[in-house]
>>> print(open('start36.pdb').read())   # PDB, C-alpha atoms and all ligand atoms
ATOM      1  CA  MET I   1       7.561 -28.895  25.037
ATOM      2  CA  ASP I   2       7.046 -25.269  23.908
ATOM      3  CA  LYS I   3       3.989 -24.508  21.855
ATOM      4  CA  LEU I   4       3.569 -21.550  19.539
ATOM      5  CA  LYS I   5       0.372 -19.560  20.142
ATOM      6  CA  ILE I   6      -1.379 -18.363  17.018
ATOM      7  CA  ALA I   7      -4.271 -15.868  17.149
ATOM      8  CA  ILE I   8      -6.893 -16.098  14.430
ATOM      9  CA  GLN I   9     -10.230 -14.356  13.955
ATOM     10  CA  LYS I  10     -12.993 -16.014  16.001
ATOM     11  CA  SER I  11     -15.613 -15.506  13.306
ATOM     12  CA  GLY I  12     -15.852 -13.275  10.280
ATOM     13  CA  ARG I  13     -14.259 -12.937   6.896
ATOM     14  CA  LEU I  14     -10.803 -14.270   7.814
ATOM     15  CA  TYR I  15     -11.928 -17.246   9.888
ATOM     16  CA  GLU I  16     -12.555 -19.875   7.166
ATOM     17  CA  ASP I  17      -9.407 -19.051   5.162
ATOM     18  CA  SER I  18      -7.230 -19.006   8.305
ATOM     19  CA  ILE I  19      -8.449 -22.480   9.316
ATOM     20  CA  LYS I  20      -8.037 -23.721   5.734
ATOM     21  CA  LEU I  21      -4.464 -22.431   5.628
ATOM     22  CA  LEU I  22      -3.598 -24.431   8.757
ATOM     23  CA  LYS I  23      -5.282 -27.511   7.274
ATOM     24  CA  ASP I  24      -3.423 -27.062   3.962
ATOM     25  CA  CYS I  25      -0.235 -27.019   6.079
ATOM     26  CA  SER I  26      -1.332 -30.503   7.311
ATOM     27  CA  ILE I  27      -2.062 -29.171  10.804
ATOM     28  CA  GLU I  28      -5.001 -31.024  12.351
ATOM     29  CA  ILE I  29      -7.286 -29.175  14.735
ATOM     30  CA  ASN I  30     -10.497 -29.987  16.554
ATOM     31  CA  ILE I  31     -12.543 -26.897  17.140
ATOM     32  CA  GLY I  32     -14.562 -27.154  20.386
ATOM     33  CA  ILE I  33     -18.003 -25.645  20.941
ATOM     34  CA  ASP I  34     -16.814 -22.688  23.017
ATOM     35  CA  LYS I  35     -14.116 -21.902  20.435
ATOM     36  CA  LEU I  36     -11.862 -19.864  22.722
ATOM     37  CA  LYS I  37      -8.739 -21.894  22.128
ATOM     38  CA  THR I  38      -7.661 -25.289  20.926
ATOM     39  CA  THR I  39      -4.459 -27.267  20.482
ATOM     40  CA  ALA I  40      -3.259 -28.753  17.185
ATOM     41  CA  LEU I  41      -3.119 -32.546  17.231
ATOM     42  CA  ASN I  42       0.054 -33.008  15.209
ATOM     43  CA  PHE I  43       2.006 -29.730  15.471
ATOM     44  CA  PRO I  44       3.185 -27.702  18.514
ATOM     45  CA  LEU I  45       0.570 -25.002  18.012
ATOM     46  CA  GLU I  46      -2.118 -23.529  20.260
ATOM     47  CA  ILE I  47      -4.867 -21.636  18.450
ATOM     48  CA  LEU I  48      -6.552 -18.643  20.128
ATOM     49  CA  PHE I  49      -9.804 -17.366  18.627
ATOM     50  CA  LEU I  50     -10.114 -13.577  18.965
ATOM     51  CA  ARG I  51     -11.762 -10.482  17.477
ATOM     52  CA  ASP I  52      -9.538  -9.259  14.669
ATOM     53  CA  ASP I  53      -9.192  -5.748  16.169
ATOM     54  CA  ASP I  54      -7.643  -7.221  19.334
ATOM     55  CA  ILE I  55      -5.007  -9.356  17.598
ATOM     56  CA  PRO I  56      -2.300  -6.622  17.148
ATOM     57  CA  GLN I  57      -2.417  -5.731  20.865
ATOM     58  CA  TYR I  58      -2.165  -9.385  21.909
ATOM     59  CA  LEU I  59       0.809  -9.792  19.584
ATOM     60  CA  GLU I  60       2.545  -6.728  21.001
ATOM     61  CA  ASP I  61       1.950  -7.946  24.578
ATOM     62  CA  GLY I  62       3.099 -11.486  23.732
ATOM     63  CA  VAL I  63      -0.225 -13.060  24.772
ATOM     64  CA  ALA I  64      -0.149 -14.574  21.285
ATOM     65  CA  ASP I  65       3.152 -15.272  19.484
ATOM     66  CA  ILE I  66       1.876 -15.009  15.929
ATOM     67  CA  GLY I  67      -1.454 -14.058  14.384
ATOM     68  CA  ILE I  68      -3.401 -13.816  11.164
ATOM     69  CA  VAL I  69      -4.933 -10.395  10.621
ATOM     70  CA  GLY I  70      -5.704  -7.917   7.833
ATOM     71  CA  LYS I  71      -2.961  -5.459   6.926
ATOM     72  CA  ASN I  72      -5.669  -2.759   7.295
ATOM     73  CA  ILE I  73      -5.987  -3.505  11.032
ATOM     74  CA  LEU I  74      -2.219  -3.755  11.562
ATOM     75  CA  LEU I  75      -1.508  -0.407   9.930
ATOM     76  CA  GLU I  76      -4.365   1.318  11.756
ATOM     77  CA  LYS I  77      -3.367  -0.018  15.188
ATOM     78  CA  ARG I  78       0.403   0.669  14.800
ATOM     79  CA  LYS I  79       1.548  -1.871  17.384
ATOM     80  CA  LYS I  80       5.165  -3.008  17.667
ATOM     81  CA  ILE I  81       4.963  -6.305  15.787
ATOM     82  CA  LYS I  82       6.573  -7.874  12.720
ATOM     83  CA  ILE I  83       4.897  -8.865   9.436
ATOM     84  CA  LYS I  84       6.321 -12.270   8.444
ATOM     85  CA  GLU I  85       4.315 -13.229   5.345
ATOM     86  CA  THR I  86       1.432 -12.021   3.187
ATOM     87  CA  LEU I  87      -1.173 -14.756   2.840
ATOM     88  CA  GLY I  88      -3.062 -14.028  -0.389
ATOM     89  CA  PHE I  89      -6.580 -14.066   1.097
ATOM     90  CA  GLY I  90      -8.858 -11.460   2.723
ATOM     91  CA  LYS I  91      -8.096  -9.146  -0.166
ATOM     92  CA  CYS I  92      -9.875  -5.801  -0.035
ATOM     93  CA  ARG I  93      -9.155  -2.087  -0.266
ATOM     94  CA  LEU I  94      -9.735   0.771   2.125
ATOM     95  CA  SER I  95     -11.566   3.374   0.078
ATOM     96  CA  ILE I  96     -13.342   6.676   0.354
ATOM     97  CA  ALA I  97     -16.894   6.668  -0.984
ATOM     98  CA  VAL I  98     -19.274   9.581  -1.531
ATOM     99  CA  PRO I  99     -23.005   9.742  -2.364
ATOM    100  CA  LYS I 100     -23.626   8.873  -6.018
ATOM    101  CA  SER I 101     -25.281  12.234  -6.521
ATOM    102  CA  LEU I 102     -22.117  14.173  -5.580
ATOM    103  CA  ASP I 103     -20.295  15.583  -8.586
ATOM    104  CA  TYR I 104     -16.857  14.296  -7.607
ATOM    105  CA  ILE I 105     -13.952  15.635  -9.666
ATOM    106  CA  ASN I 106     -10.902  15.238  -7.449
ATOM    107  CA  ILE I 107      -9.766  14.938  -3.863
ATOM    108  CA  ASN I 108     -10.302  18.672  -3.253
ATOM    109  CA  ASN I 109     -14.022  17.920  -3.269
ATOM    110  CA  LEU I 110     -13.464  16.309   0.158
ATOM    111  CA  ASN I 111     -12.254  19.580   1.732
ATOM    112  CA  GLY I 112     -14.460  20.565   4.664
ATOM    113  CA  LYS I 113     -16.459  17.319   4.501
ATOM    114  CA  LYS I 114     -17.425  15.119   7.451
ATOM    115  CA  ILE I 115     -16.172  11.563   6.906
ATOM    116  CA  ALA I 116     -17.254   8.477   8.886
ATOM    117  CA  THR I 117     -14.737   5.651   9.303
ATOM    118  CA  SER I 118     -13.374   2.927  11.577
ATOM    119  CA  TYR I 119      -9.855   3.830  10.366
ATOM    120  CA  PRO I 120      -9.248   7.352  11.776
ATOM    121  CA  PHE I 121      -5.439   7.110  11.751
ATOM    122  CA  LEU I 122      -5.122   5.948   8.136
ATOM    123  CA  VAL I 123      -7.710   8.452   6.903
ATOM    124  CA  GLN I 124      -6.125  11.326   8.831
ATOM    125  CA  ARG I 125      -2.702  10.476   7.400
ATOM    126  CA  PHE I 126      -4.086  10.236   3.850
ATOM    127  CA  PHE I 127      -5.690  13.687   4.153
ATOM    128  CA  ARG I 128      -2.696  15.263   5.874
ATOM    129  CA  GLU I 129      -0.357  14.119   3.074
ATOM    130  CA  ARG I 130      -2.701  15.729   0.532
ATOM    131  CA  CYS I 131      -3.366  18.928   2.512
ATOM    132  CA  ILE I 132      -7.097  18.211   2.788
ATOM    133  CA  SER I 133      -8.923  19.291   5.899
ATOM    134  CA  ALA I 134     -11.886  17.065   6.656
ATOM    135  CA  GLU I 135     -13.660  16.244   9.900
ATOM    136  CA  ILE I 136     -13.198  12.589  10.857
ATOM    137  CA  HIS I 137     -16.039  10.906  12.682
ATOM    138  CA  GLU I 138     -14.958   7.544  14.122
ATOM    139  CA  ILE I 139     -17.600   4.808  14.205
ATOM    140  CA  SER I 140     -17.014   1.111  14.760
ATOM    141  CA  GLY I 141     -19.465  -0.559  12.368
ATOM    142  CA  ALA I 142     -22.109  -0.089   9.663
ATOM    143  CA  VAL I 143     -20.100   2.840   8.315
ATOM    144  CA  GLU I 144     -21.835   2.689   4.933
ATOM    145  CA  ILE I 145     -25.154   3.918   6.355
ATOM    146  CA  ALA I 146     -23.620   7.096   7.840
ATOM    147  CA  PRO I 147     -24.346   9.437   4.882
ATOM    148  CA  GLY I 148     -27.907   8.071   4.545
ATOM    149  CA  ILE I 149     -28.756   8.934   8.173
ATOM    150  CA  GLY I 150     -27.077  12.331   8.092
ATOM    151  CA  LEU I 151     -24.126  11.374  10.308
ATOM    152  CA  ALA I 152     -21.475  12.241   7.699
ATOM    153  CA  ASP I 153     -21.059  13.451   4.104
ATOM    154  CA  CYS I 154     -18.924  10.527   3.012
ATOM    155  CA  ILE I 155     -17.207   7.421   4.360
ATOM    156  CA  CYS I 156     -13.935   5.510   4.311
ATOM    157  CA  ASP I 157     -14.371   1.755   4.623
ATOM    158  CA  LEU I 158     -13.243  -1.637   3.338
ATOM    159  CA  VAL I 159     -14.487  -2.609  -0.103
ATOM    160  CA  SER I 160     -14.142  -5.794  -2.113
ATOM    161  CA  SER I 161     -16.865  -6.068  -4.768
ATOM    162  CA  GLY I 162     -18.386  -2.639  -4.106
ATOM    163  CA  SER I 163     -21.918  -4.065  -3.850
ATOM    164  CA  THR I 164     -22.456  -2.790  -0.270
ATOM    165  CA  LEU I 165     -21.527   0.723  -1.367
ATOM    166  CA  PHE I 166     -23.832   0.455  -4.368
ATOM    167  CA  MET I 167     -26.760  -0.721  -2.245
ATOM    168  CA  ASN I 168     -26.258   2.285   0.033
ATOM    169  CA  GLY I 169     -26.209   4.811  -2.794
ATOM    170  CA  LEU I 170     -22.451   5.430  -2.605
ATOM    171  CA  LYS I 171     -19.609   5.438  -5.138
ATOM    172  CA  GLU I 172     -15.930   4.713  -4.531
ATOM    173  CA  VAL I 173     -13.704   7.691  -5.345
ATOM    174  CA  GLU I 174     -10.274   7.215  -3.694
ATOM    175  CA  THR I 175      -8.330   4.151  -2.530
ATOM    176  CA  ILE I 176      -6.229   4.627   0.598
ATOM    177  CA  LEU I 177      -4.803   1.127   0.956
ATOM    178  CA  GLN I 178      -4.766  -2.312  -0.720
ATOM    179  CA  SER I 179      -5.047  -4.956   1.976
ATOM    180  CA  GLU I 180      -4.854  -8.713   2.486
ATOM    181  CA  ALA I 181      -4.374 -11.060   5.424
ATOM    182  CA  VAL I 182      -0.840 -11.325   6.796
ATOM    183  CA  LEU I 183       0.952 -13.476   9.313
ATOM    184  CA  ALA I 184       2.434 -11.200  11.981
ATOM    185  CA  SER I 185       4.529 -12.028  15.031
ATOM    186  CA  HIS I 186       5.554 -10.735  18.444
ATOM    187  CA  ILE I 187       8.840  -8.810  18.180
ATOM    188  CA  HIS I 188      10.988 -11.253  20.193
ATOM    189  CA  LEU I 189      10.116 -14.928  20.194
ATOM    190  CA  ASN I 190      12.306 -17.258  22.210
ATOM    191  CA  TYR I 191      14.490 -19.744  20.348
ATOM    192  CA  PRO I 192      12.153 -22.786  20.510
ATOM    193  CA  LYS I 193       9.152 -20.704  19.408
ATOM    194  CA  ASN I 194      11.153 -19.166  16.577
ATOM    195  CA  LEU I 195      12.000 -22.662  15.345
ATOM    196  CA  ILE I 196       8.310 -23.623  15.352
ATOM    197  CA  MET I 197       7.401 -20.416  13.525
ATOM    198  CA  ASP I 198      10.040 -21.112  10.876
ATOM    199  CA  LYS I 199       8.614 -24.624  10.380
ATOM    200  CA  LEU I 200       5.136 -23.172   9.973
ATOM    201  CA  LEU I 201       6.385 -20.479   7.573
ATOM    202  CA  PHE I 202       8.148 -23.148   5.519
ATOM    203  CA  ARG I 203       4.829 -24.986   5.136
ATOM    204  CA  ILE I 204       2.850 -21.796   4.431
ATOM    205  CA  ARG I 205       5.291 -20.826   1.662
ATOM    206  CA  ALA I 206       5.026 -24.294   0.095
ATOM    207  CA  VAL I 207       1.220 -24.044   0.121
ATOM    208  CA  LYS I 208       1.262 -20.498  -1.294
ATOM    209  CA  LYS I 209       3.644 -21.469  -4.082
ATOM    210  CA  ALA I 210       1.493 -24.450  -5.000
ATOM    211  CA  LYS I 211      -1.642 -22.279  -5.158
ATOM    212  CA  ASN I 212       0.046 -19.932  -7.619
ATOM    213  CA  ASN I 213       1.099 -22.722  -9.955
ATOM    214  CA  LYS I 214      -0.520 -25.456 -12.051
ATOM    215  CA  TYR I 215       0.839 -28.789 -13.185
ATOM    216  CA  ILE I 216       0.377 -29.126 -16.922
ATOM    217  CA  LEU I 217       0.635 -32.262 -19.119
ATOM    218  CA  LEU I 218       0.435 -32.239 -22.900
ATOM    219  CA  ASN I 219       1.059 -34.493 -25.844
ATOM    220  CA  VAL I 220       3.399 -33.104 -28.450
ATOM    221  CA  PRO I 221       4.315 -34.407 -31.943
ATOM    222  CA  ASN I 222       8.075 -35.019 -31.779
ATOM    223  CA  ASP I 223       8.842 -32.628 -34.645
ATOM    224  CA  ARG I 224       7.298 -29.763 -32.572
ATOM    225  CA  LEU I 225       8.996 -30.708 -29.319
ATOM    226  CA  GLU I 226      11.877 -28.245 -29.371
ATOM    227  CA  LYS I 227       9.684 -25.247 -30.160
ATOM    228  CA  ILE I 228       7.081 -26.188 -27.548
ATOM    229  CA  ILE I 229       9.478 -26.760 -24.674
ATOM    230  CA  SER I 230      10.984 -23.327 -25.259
ATOM    231  CA  TYR I 231       7.598 -21.963 -24.058
ATOM    232  CA  LEU I 232       7.491 -24.124 -20.949
ATOM    233  CA  PRO I 233       9.594 -23.115 -17.979
ATOM    234  CA  GLY I 234       8.999 -25.992 -15.517
ATOM    235  CA  ILE I 235      10.613 -25.819 -12.080
ATOM    236  CA  LYS I 236      14.054 -26.762 -13.431
ATOM    237  CA  SER I 237      13.076 -27.700 -16.990
ATOM    238  CA  PRO I 238      10.103 -29.634 -18.450
ATOM    239  CA  VAL I 239       9.913 -33.453 -18.210
ATOM    240  CA  ILE I 240       9.680 -35.285 -21.548
ATOM    241  CA  LEU I 241       8.444 -38.883 -21.623
ATOM    242  CA  PRO I 242       7.999 -41.131 -24.665
ATOM    243  CA  LEU I 243       4.484 -42.281 -25.593
ATOM    244  CA  ALA I 244       3.531 -45.750 -26.899
ATOM    245  CA  ASN I 245       2.789 -43.885 -30.120
ATOM    246  CA  SER I 246       6.388 -43.156 -31.130
ATOM    247  CA  GLU I 247       5.498 -39.998 -33.076
ATOM    248  CA  CYS I 248       4.514 -38.066 -29.934
ATOM    249  CA  SER I 249       5.909 -37.353 -26.480
ATOM    250  CA  SER I 250       4.248 -36.446 -23.210
ATOM    251  CA  VAL I 251       5.536 -33.177 -21.752
ATOM    252  CA  HIS I 252       5.026 -32.240 -18.062
ATOM    253  CA  SER I 253       5.670 -28.846 -16.593
ATOM    254  CA  VAL I 254       4.703 -26.314 -13.914
ATOM    255  CA  VAL I 255       3.200 -23.019 -15.019
ATOM    256  CA  ASN I 256       2.488 -19.890 -12.990
ATOM    257  CA  GLU I 257      -1.208 -19.077 -12.699
ATOM    258  CA  ASN I 258      -0.667 -15.507 -13.971
ATOM    259  CA  ASP I 259       0.989 -16.609 -17.246
ATOM    260  CA  PHE I 260      -1.181 -19.683 -17.616
ATOM    261  CA  TRP I 261      -3.682 -18.738 -20.362
ATOM    262  CA  GLY I 262      -1.068 -16.992 -22.507
ATOM    263  CA  ILE I 263       1.169 -20.078 -22.384
ATOM    264  CA  VAL I 264      -1.701 -22.497 -23.138
ATOM    265  CA  GLU I 265      -2.774 -20.433 -26.171
ATOM    266  CA  ASN I 266       0.795 -20.476 -27.514
ATOM    267  CA  LEU I 267       1.168 -24.216 -26.909
ATOM    268  CA  LYS I 268      -2.112 -24.953 -28.684
ATOM    269  CA  SER I 269      -1.139 -22.868 -31.705
ATOM    270  CA  LEU I 270       2.224 -24.668 -31.861
ATOM    271  CA  GLY I 271       0.513 -28.057 -32.080
ATOM    272  CA  ALA I 272       0.242 -29.271 -28.458
ATOM    273  CA  GLN I 273      -2.621 -31.747 -27.965
ATOM    274  CA  ASP I 274      -4.590 -33.251 -25.051
ATOM    275  CA  ILE I 275      -3.579 -30.574 -22.552
ATOM    276  CA  LEU I 276      -4.349 -31.568 -18.938
ATOM    277  CA  VAL I 277      -4.094 -29.085 -16.078
ATOM    278  CA  LEU I 278      -3.875 -30.263 -12.465
ATOM    279  CA  PRO I 279      -3.777 -28.409  -9.142
ATOM    280  CA  ILE I 280      -0.609 -28.760  -7.057
ATOM    281  CA  GLU I 281      -0.865 -29.388  -3.323
ATOM    282  CA  LYS I 282       2.588 -28.279  -2.170
ATOM    283  CA  ILE I 283       5.834 -27.082  -3.790
ATOM    284  CA  ILE I 284       9.006 -27.563  -1.767
ATOM    285  CA  LEU I 285      12.121 -26.259  -3.463
TER     286      LEU I 285
HETATM  287  P1  LIG M 301     -14.505  -9.034  14.385
HETATM  288  O1  LIG M 301     -15.788  -9.478  14.995
HETATM  289  O2  LIG M 301     -13.430 -10.082  14.450
HETATM  290  O3  LIG M 301     -14.046  -7.695  14.909
HETATM  291  P2  LIG M 301     -15.102  -7.609  11.933
HETATM  292  O4  LIG M 301     -16.581  -7.523  11.731
HETATM  293  O5  LIG M 301     -14.362  -6.420  12.435
HETATM  294  O6  LIG M 301     -14.799  -8.892  12.833
HETATM  295  P3  LIG M 301     -14.816  -8.732   9.244
HETATM  296  O7  LIG M 301     -15.891  -7.981   8.521
HETATM  297  O8  LIG M 301     -15.017 -10.163   9.540
HETATM  298  O9  LIG M 301     -14.364  -7.975  10.582
HETATM  299  O10 LIG M 301     -13.472  -8.538   8.400
HETATM  300  C1  LIG M 301     -12.241  -9.054   8.843
HETATM  301  C2  LIG M 301     -11.164  -8.653   7.856
HETATM  302  O11 LIG M 301     -11.452  -9.231   6.582
HETATM  303  C3  LIG M 301     -11.026  -7.169   7.566
HETATM  304  O12 LIG M 301     -10.291  -6.472   8.574
HETATM  305  C4  LIG M 301     -10.284  -7.195   6.247
HETATM  306  O13 LIG M 301      -8.896  -7.383   6.465
HETATM  307  C5  LIG M 301     -10.834  -8.460   5.563
HETATM  308  N1  LIG M 301     -11.814  -8.167   4.467
HETATM  309  C6  LIG M 301     -11.756  -8.684   3.222
HETATM  310  N2  LIG M 301     -12.763  -8.236   2.451
HETATM  311  C7  LIG M 301     -13.487  -7.411   3.194
HETATM  312  C8  LIG M 301     -14.661  -6.629   2.949
HETATM  313  N3  LIG M 301     -15.261  -6.605   1.775
HETATM  314  N4  LIG M 301     -15.178  -5.922   3.958
HETATM  315  C9  LIG M 301     -14.589  -5.988   5.176
HETATM  316  N5  LIG M 301     -13.464  -6.688   5.447
HETATM  317  C10 LIG M 301     -12.893  -7.385   4.471
HETATM  318 MG    MG M 302     -13.185  -6.229  13.895
END
>>> encode(input="start36.pdb", output="structure tokens", more="lines below")
Ligand code: ATP
Ligand code: MG
Amino acid sequence: MDKLKIAIQKSGRLYEDSIKLLKDCSIEINIGIDKLKTTALNFPLEILFLRDDDIPQYLEDGVADIGIVGKNILLEKRKKIKIKETLGFGKCRLSIAVPKSLDYININNLNGKKIATSYPFLVQRFFRERCISAEIHEISGAVEIAPGIGLADCICDLVSSGSTLFMNGLKEVETILQSEAVLASHIHLNYPKNLIMDKLLFRIRAVKKAKNNKYILLNVPNDRLEKIISYLPGIKSPVILPLANSECSSVHSVVNENDFWGIVENLKSLGAQDILVLPIEKIIL
């Protein structure tokens, strides 16, 4: 039987979340000591552990069928592959940072500067579009120390909290790209592999949807019921169940994480009581 080959990062920032995503999709894997590849126990999937920079090339060549990699790497490498789904983890931005002491006003301050980065293509394109001429110095790691050791005037690197920049005496001044992990695929998968990928995508979407939503239960005095349910969307509409205390009902619904606090505040002010909020494991519509 055909197996789909998925490439994930061998170690690093995307490793844990990639493995967790597969587990949340109910895919069981045993990771051996050598950690080069492994086979899922209950799904037709072979997992290859690779350096993230190599994943786009392997996907283009068809060595791996699908892979989990940062959008930052995909856009820098420009291989012929397809993005199938954004995954909501590995969030970061590709930003330009300059020494704190530099009086930065706007992007023109970067004219004539030497910039160190592992993303020469994306940086070059950003400057070209803004008619800035800067000298790009490509380095593969520890970019943030480049200004401190006199290798460059400024840098372009990935940032999440900004603490690494701060510790190296730098400040973020321009964002080139917002990035997160994505699931990408080889351009042409054969029919059996495409079917497996669609099954996996179906599970991933159910997991993603569940993560973005909460199950909410509340007790509502019956005379407030109509008003309160108008604030609760639910998947189709809220569930209303009678309580032993005949003056109140129990209302169940599903609320999107982004609207959650606003909705809860409204419900509380309208007289909802005993509000319980539960995580959802999967949502299959
Ligand atoms: P590898 O050994 O696989 O080449 P790496 O050292 O190049 O690993 P990591 O630092 O583990 O890469 O980052 C992997 C990916 O995690 C990045 O390409 C990016 O998509 C994402 N990421 C999220 N937050 C950050 C961050 N603050 N700094 C760097 N990468 C981040
Ligand atoms: Mg890398």
>>> residues_around(input="start36.pdb", residues="Lys79 (chain I)", least_positions_apart="3", cutoff="7 Å", atoms="all atoms listed in the file", output="count of residues only")
3
>>> resolve_selection(input="start36.pdb", expression="the PyMOL selection byres (((chain I and resi 2-5) around 12) and not hetatm)", output="VMD selection string")
chain I and resid 1 6 to 8 37 to 49 55 58 to 59 62 to 68 184 to 186 189 to 200
>>> residues_near_ligand(input="start36.pdb", ligand="ligand LIG 301 (chain M)", cutoff="6 Å", atoms="all atoms listed in the file", output="list in words")
Gln9, Ser11, Gly12, Arg13, Leu14, Arg51, Asp52, Asp53, Gly70, Asn72, Ile73, Gly90, Lys91, Cys92, Leu158, Val159, Ser160, Glu180 and Ala181 of chain I
>>> residues_around(input="start36.pdb", residues="Lys171 (chain I)", least_positions_apart="3", cutoff="8 Å", atoms="only C-alpha atoms", output="list of chain:residue names")
I:Ala97, I:Val98, I:Pro99, I:Lys100, I:Leu165, I:Phe166
>>> atom_distance(input="start36.pdb", atom1="CA of Phe126 (chain I)", atom2="CA of Thr175 (chain I)")
9.8 Å
>>> residues_around(input="start36.pdb", residues="Leu225 (chain I)", least_positions_apart="4", cutoff="9 Å", atoms="all atoms listed in the file", output="PyMOL selection string")
chain I and resi 220-221+229-230+248-249+251+272
>>> atom_distance(input="start36.pdb", atom1="CA of Val255 (chain I)", atom2="CA of Lys214 (chain I)")
5.3 Å
>>> atom_distance(input="start36.pdb", atom1="CA of Leu87 (chain I)", atom2="CA of Trp261 (chain I)")
23.7 Å
>>> resolve_selection(input="start36.pdb", expression="the PyMOL selection byres (((chain I and resi 127) around 12) and not hetatm)", output="PDB file with C-alpha atoms, in the coordinates of the input")
ATOM      1  CA  ILE I  96     -13.342   6.676   0.354  1.00  0.00           C
ATOM      2  CA  ILE I 107      -9.766  14.938  -3.863  1.00  0.00           C
ATOM      3  CA  ASN I 108     -10.302  18.672  -3.253  1.00  0.00           C
ATOM      4  CA  ASN I 109     -14.022  17.920  -3.269  1.00  0.00           C
ATOM      5  CA  LEU I 110     -13.464  16.309   0.158  1.00  0.00           C
ATOM      6  CA  ASN I 111     -12.254  19.580   1.732  1.00  0.00           C
ATOM      7  CA  GLY I 112     -14.460  20.565   4.664  1.00  0.00           C
ATOM      8  CA  LYS I 113     -16.459  17.319   4.501  1.00  0.00           C
ATOM      9  CA  ILE I 115     -16.172  11.563   6.906  1.00  0.00           C
ATOM     10  CA  PRO I 120      -9.248   7.352  11.776  1.00  0.00           C
ATOM     11  CA  PHE I 121      -5.439   7.110  11.751  1.00  0.00           C
ATOM     12  CA  LEU I 122      -5.122   5.948   8.136  1.00  0.00           C
ATOM     13  CA  VAL I 123      -7.710   8.452   6.903  1.00  0.00           C
ATOM     14  CA  GLN I 124      -6.125  11.326   8.831  1.00  0.00           C
ATOM     15  CA  ARG I 125      -2.702  10.476   7.400  1.00  0.00           C
ATOM     16  CA  PHE I 126      -4.086  10.236   3.850  1.00  0.00           C
ATOM     17  CA  ARG I 128      -2.696  15.263   5.874  1.00  0.00           C
ATOM     18  CA  GLU I 129      -0.357  14.119   3.074  1.00  0.00           C
ATOM     19  CA  ARG I 130      -2.701  15.729   0.532  1.00  0.00           C
ATOM     20  CA  CYS I 131      -3.366  18.928   2.512  1.00  0.00           C
ATOM     21  CA  ILE I 132      -7.097  18.211   2.788  1.00  0.00           C
ATOM     22  CA  SER I 133      -8.923  19.291   5.899  1.00  0.00           C
ATOM     23  CA  ALA I 134     -11.886  17.065   6.656  1.00  0.00           C
ATOM     24  CA  GLU I 135     -13.660  16.244   9.900  1.00  0.00           C
ATOM     25  CA  ILE I 136     -13.198  12.589  10.857  1.00  0.00           C
ATOM     26  CA  CYS I 156     -13.935   5.510   4.311  1.00  0.00           C
ATOM     27  CA  GLU I 174     -10.274   7.215  -3.694  1.00  0.00           C
ATOM     28  CA  THR I 175      -8.330   4.151  -2.530  1.00  0.00           C
ATOM     29  CA  ILE I 176      -6.229   4.627   0.598  1.00  0.00           C
TER      30      ILE I 176
END
>>> resolve_selection(input="start36.pdb", expression="the PyMOL selection byres (((chain I and resi 140-149) around 9) and not hetatm)", output="ChimeraX atom specification")
/I:97-99,115-119,138-139,150-157,164-165,168-170
>>> closest_residue(input="start36.pdb", among="I:Phe89, I:Tyr15, I:Tyr104, I:Tyr231", to="ligand MG 302 (chain M)", atoms="all atoms listed in the file")
I:Tyr15
>>> residues_around(input="start36.pdb", residues="Lys23 (chain I)", least_positions_apart="4", cutoff="12 Å", atoms="only C-alpha atoms", output="list in words")
Glu16, Asp17, Ser18, Ile19, Ile27, Glu28, Ile29, Asn30, Ala40, Leu41, Asn42, Phe43, Leu200, Arg203, Ile204, Val207 and Glu281 of chain I
>>> closest_residue(input="start36.pdb", among="I:Asn219, I:Ser101, I:Ser26, I:Ser161", to="Ile275 (chain I)", atoms="only C-alpha atoms")
I:Asn219
>>> closest_residue(input="start36.pdb", among="I:Pro238, I:Ala244, I:His252, I:Ile228", to="Ser269 (chain I)", atoms="only C-alpha atoms")
I:Ile228
>>> residues_around(input="start36.pdb", residues="Val277 (chain I)", least_positions_apart="4", cutoff="8 Å", atoms="all atoms listed in the file", output="short mmCIF file (atom, residue, chain, number, x, y, z; two decimals) with C-alpha atoms, keeping the file's coordinate frame")
data_model
loop_
_atom_site.label_atom_id
_atom_site.label_comp_id
_atom_site.auth_asym_id
_atom_site.auth_seq_id
_atom_site.Cartn_x
_atom_site.Cartn_y
_atom_site.Cartn_z
CA LYS I 214 -0.52 -25.46 -12.05
CA TYR I 215 0.84 -28.79 -13.18
CA ILE I 216 0.38 -29.13 -16.92
CA LEU I 217 0.64 -32.26 -19.12
#
>>> closest_residue(input="start36.pdb", among="I:Leu278, I:Ile187, I:Val182, I:Ile31", to="Lys80 (chain I)", atoms="all atoms listed in the file")
I:Ile187
